[in-house]
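Heads up, the thing below is written out as structure tokens.
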Amino acid sequence: MHLFTEQFEMEAIEHIKKFSRIAQMEGLPVELGFSGGKDSIVCYSMCERSGIRVEKNFYYAFEDPDVVRFIREKYPDVTIRRKEKSYFQLIREKGFLPTSDIRYCCEYFKENTKNAQITGVRRQESAGRKKRKLFEMKGKKNARKYLDVFSENCRESGYAPLMLRPILHYRTEEIWDYIRRYGLPYPELYDQG
């Protein structure tokens, strides 16, 4: 039984294409924030299938070495980058460890970019992510320009100048179904629990 339907996939790919056109109108390159996890693997695949031009970046913070090795082997076109601050510097600055409700590390390492960014954030992952929208743009005036493109799924952003979350509404089961359907490589750590 397939959970991730062709309609879901086509809608997400269409959102990616629209987002790419908006980024082009705004003079911004499109970047996929790639973590090597199941959600970013699905977004990677959808970006490839959409045919858009996209930079694929992995911002190294405190990931398992097996994940970094996996990205280098299976997704060699993903650029591995480091941010100015290390994970530990960020913790010292904030004064507390990130939690599932306060994920400032994701904001800094994955979402804080000057590019138009596509991420694999899903609402199912945390209470804070339930409030996220499909499309976000810095500045209410700017966001209103594109309200007709993404309807109620549009809001002002505090992160990247433009942000798209094409799999925002998908459940974990649908993500795994997509990965199985296309035989996409994923880190062995998932199979190890």
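Residues in the structure tokens are named by chain (A, B, ... in the order shown) and by number from 1 within that chain; ligands are numbered from 1 in the order shown.
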Handout entry: Backbone-only DSSP, alpha helix (DSSP H) members of stretch 16-68 of chain A, as a list of chain:residue names
Key =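 These are the residues in question: A:Ile16, A:Lys17, A:Lys18, A:Phe19, A:Ser20, A:Arg21, A:Ile22, A:Ala23, A:Gln24, A:Met25, A:Lys38, A:Asp39, A:Ser40, A:Ile41, A:Val42, A:Cys43, A:Tyr44, A:Ser45, A:Met46, A:Cys47, A:Glu48, A:Arg49, A:Ser50, A:Pro65, A:Asp66, A:Val67, A:Val68.
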Would you write out those residues with N, CA, C and O atoms, as a short mmCIF file (atom, residue, chain, number, x, y, z; two decimals), in the first residue's frame?
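Listed below is the output, again_22.cif:
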data_model
loop_
_atom_site.label_atom_id
_atom_site.label_comp_id
_atom_site.auth_asym_id
_atom_site.auth_seq_id
_atom_site.Cartn_x
_atom_site.Cartn_y
_atom_site.Cartn_z
N ILE A 16 7.72 23.60 -5.40
CA ILE A 16 9.16 23.85 -5.59
C ILE A 16 9.39 24.68 -6.84
O ILE A 16 10.18 25.64 -6.82
N LYS A 17 8.71 24.38 -7.92
CA LYS A 17 8.86 25.14 -9.16
C LYS A 17 8.40 26.59 -8.98
O LYS A 17 9.07 27.53 -9.43
N LYS A 18 7.25 26.78 -8.33
CA LYS A 18 6.75 28.15 -8.07
C LYS A 18 7.74 28.92 -7.20
O LYS A 18 8.02 30.09 -7.44
N PHE A 19 8.24 28.25 -6.17
CA PHE A 19 9.20 28.87 -5.27
C PHE A 19 10.45 29.30 -6.02
O PHE A 19 10.96 30.40 -5.81
N SER A 20 10.93 28.45 -6.91
CA SER A 20 12.11 28.77 -7.70
C SER A 20 11.86 30.01 -8.56
O SER A 20 12.74 30.88 -8.69
N ARG A 21 10.67 30.12 -9.14
CA ARG A 21 10.34 31.30 -9.96
C ARG A 21 10.31 32.58 -9.10
O ARG A 21 10.80 33.63 -9.51
N ILE A 22 9.75 32.47 -7.90
CA ILE A 22 9.71 33.63 -7.00
C ILE A 22 11.13 34.02 -6.59
O ILE A 22 11.48 35.20 -6.59
N ALA A 23 11.96 33.04 -6.26
CA ALA A 23 13.35 33.31 -5.89
C ALA A 23 14.07 34.03 -7.03
O ALA A 23 14.82 34.99 -6.81
N GLN A 24 13.83 33.58 -8.25
CA GLN A 24 14.44 34.20 -9.42
C GLN A 24 13.99 35.65 -9.56
O GLN A 24 14.80 36.54 -9.82
N MET A 25 12.69 35.91 -9.35
CA MET A 25 12.16 37.28 -9.42
C MET A 25 12.78 38.15 -8.34
O MET A 25 12.98 39.34 -8.53
N LYS A 38 16.01 11.61 6.64
CA LYS A 38 14.96 11.12 5.74
C LYS A 38 14.19 12.25 5.07
O LYS A 38 13.87 12.17 3.88
N ASP A 39 13.88 13.31 5.80
CA ASP A 39 13.08 14.40 5.24
C ASP A 39 13.85 15.19 4.18
O ASP A 39 13.32 15.52 3.12
N SER A 40 15.12 15.48 4.47
CA SER A 40 15.90 16.22 3.47
C SER A 40 16.22 15.34 2.26
O SER A 40 16.35 15.85 1.14
N ILE A 41 16.29 14.04 2.45
CA ILE A 41 16.50 13.12 1.32
C ILE A 41 15.30 13.18 0.37
O ILE A 41 15.46 13.22 -0.85
N VAL A 42 14.09 13.22 0.93
CA VAL A 42 12.88 13.34 0.10
C VAL A 42 12.86 14.69 -0.61
O VAL A 42 12.57 14.77 -1.81
N CYS A 43 13.20 15.76 0.10
CA CYS A 43 13.24 17.09 -0.54
C CYS A 43 14.29 17.14 -1.65
O CYS A 43 14.06 17.73 -2.71
N TYR A 44 15.44 16.51 -1.41
CA TYR A 44 16.49 16.43 -2.43
C TYR A 44 15.92 15.78 -3.69
O TYR A 44 16.08 16.29 -4.80
N SER A 45 15.27 14.65 -3.52
CA SER A 45 14.70 13.92 -4.65
C SER A 45 13.67 14.78 -5.39
O SER A 45 13.66 14.82 -6.62
N MET A 46 12.82 15.46 -4.65
CA MET A 46 11.79 16.29 -5.27
C MET A 46 12.41 17.47 -6.03
O MET A 46 11.92 17.84 -7.10
N CYS A 47 13.45 18.06 -5.46
CA CYS A 47 14.14 19.15 -6.17
C CYS A 47 14.73 18.63 -7.48
O CYS A 47 14.63 19.29 -8.52
N GLU A 48 15.34 17.47 -7.43
CA GLU A 48 15.91 16.86 -8.64
C GLU A 48 14.80 16.61 -9.68
O GLU A 48 14.97 16.89 -10.85
N ARG A 49 13.69 16.07 -9.22
CA ARG A 49 12.59 15.74 -10.12
C ARG A 49 11.92 16.99 -10.68
O ARG A 49 11.32 16.95 -11.75
N SER A 50 12.01 18.11 -9.96
CA SER A 50 11.39 19.35 -10.42
C SER A 50 12.19 20.01 -11.55
O SER A 50 11.66 20.80 -12.31
N PRO A 65 29.51 11.13 12.72
CA PRO A 65 30.44 10.97 11.60
C PRO A 65 29.89 10.04 10.51
O PRO A 65 30.22 10.20 9.32
N ASP A 66 29.06 9.05 10.90
CA ASP A 66 28.48 8.15 9.90
C ASP A 66 27.55 8.91 8.95
O ASP A 66 27.46 8.57 7.76
N VAL A 67 26.86 9.92 9.46
CA VAL A 67 25.97 10.72 8.60
C VAL A 67 26.80 11.53 7.61
O VAL A 67 26.48 11.60 6.43
N VAL A 68 27.88 12.13 8.08
CA VAL A 68 28.75 12.92 7.20
C VAL A 68 29.35 12.01 6.12
O VAL A 68 29.36 12.35 4.93
#
Problem - Spatial neighbours of A:Asn115, 8 Å, only C-alpha atoms, chain gap at least 3 places, as a PyMOL selection string - result: chain A and resi 28-31+160-162
May I have the selected residues written with N, CA and C atoms, as a short mmCIF file (atom, residue, chain, number, x, y, z; two decimals), in the first residue's frame?
data_model
loop_
_atom_site.label_atom_id
_atom_site.label_comp_id
_atom_site.auth_asym_id
_atom_site.auth_seq_id
_atom_site.Cartn_x
_atom_site.Cartn_y
_atom_site.Cartn_z
N LEU A 28 17.37 35.78 -5.92
CA LEU A 28 18.00 34.92 -4.91
C LEU A 28 18.26 33.52 -5.44
N PRO A 29 19.45 32.95 -5.14
CA PRO A 29 19.67 31.55 -5.48
C PRO A 29 18.83 30.66 -4.57
N VAL A 30 18.45 29.49 -5.06
CA VAL A 30 17.69 28.53 -4.26
C VAL A 30 18.67 27.55 -3.64
N GLU A 31 18.49 27.31 -2.35
CA GLU A 31 19.35 26.42 -1.59
C GLU A 31 18.50 25.35 -0.91
N ALA A 160 15.09 32.72 6.66
CA ALA A 160 15.68 33.07 5.38
C ALA A 160 14.82 34.12 4.69
N PRO A 161 15.38 34.84 3.68
CA PRO A 161 14.57 35.81 2.94
C PRO A 161 13.33 35.15 2.32
N LEU A 162 13.49 33.93 1.83
CA LEU A 162 12.38 33.11 1.31
C LEU A 162 12.58 31.70 1.84
#
Practice task
For each of A:Met10, A:Arg165, A:Val78, A:Glu55, take the minimum atom-to-atom distance to A:Ser35, counting only C-alpha atoms, then give the residue where this is smallest.
Solution key: A:Val78
Handout entry: Minimum-distance residue to A:Glu174, chosen among A:Arg72, A:Met137, A:Gln124, A:Pro187 (using only C-alpha atoms)
Key =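 Checking each of A:Arg72, A:Met137, A:Gln124, A:Pro187 against A:Glu174, counting only C-alpha atoms, the winner is A:Gln124.
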Residues near A:Arg69, cut-off 12 Å, only C-alpha atoms, skip fewer than 4 positions along chain, as a CSV table (one decimal) with C-alpha atoms, in the first residue's frame:
chain,number,residue,atom,x,y,z
A,36,GLY,CA,21.2,13.7,5.4
A,60,TYR,CA,28.0,20.7,9.8
A,63,GLU,CA,26.3,15.3,13.5
A,64,ASP,CA,27.3,11.7,13.7
A,65,PRO,CA,30.4,11.0,11.6
A,73,GLU,CA,29.3,8.8,-0.4
A,74,LYS,CA,25.6,8.9,-1.5
A,75,TYR,CA,25.1,12.6,-2.1
A,76,PRO,CA,28.4,13.9,-3.4
A,78,VAL,CA,25.9,18.3,-1.5
A,80,ILE,CA,29.5,20.4,3.3
A,186,TYR,CA,19.4,6.8,3.6
A,187,PRO,CA,21.7,6.5,6.6
A,188,GLU,CA,21.9,3.0,8.3
A,189,LEU,CA,21.5,4.7,11.6
Handout entry: Separation of atom CA of A:Lys114 from atom CA of A:Ala12 in Å
Key =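 Rounded to one decimal, the two atoms are 22.7 Å apart.
Candidate residues A:Thr5, A:Thr79, A:Thr172, A:Gln117 were compared for distance to A:Gly37, and the nearest is A:Thr172, using only C-alpha atoms.
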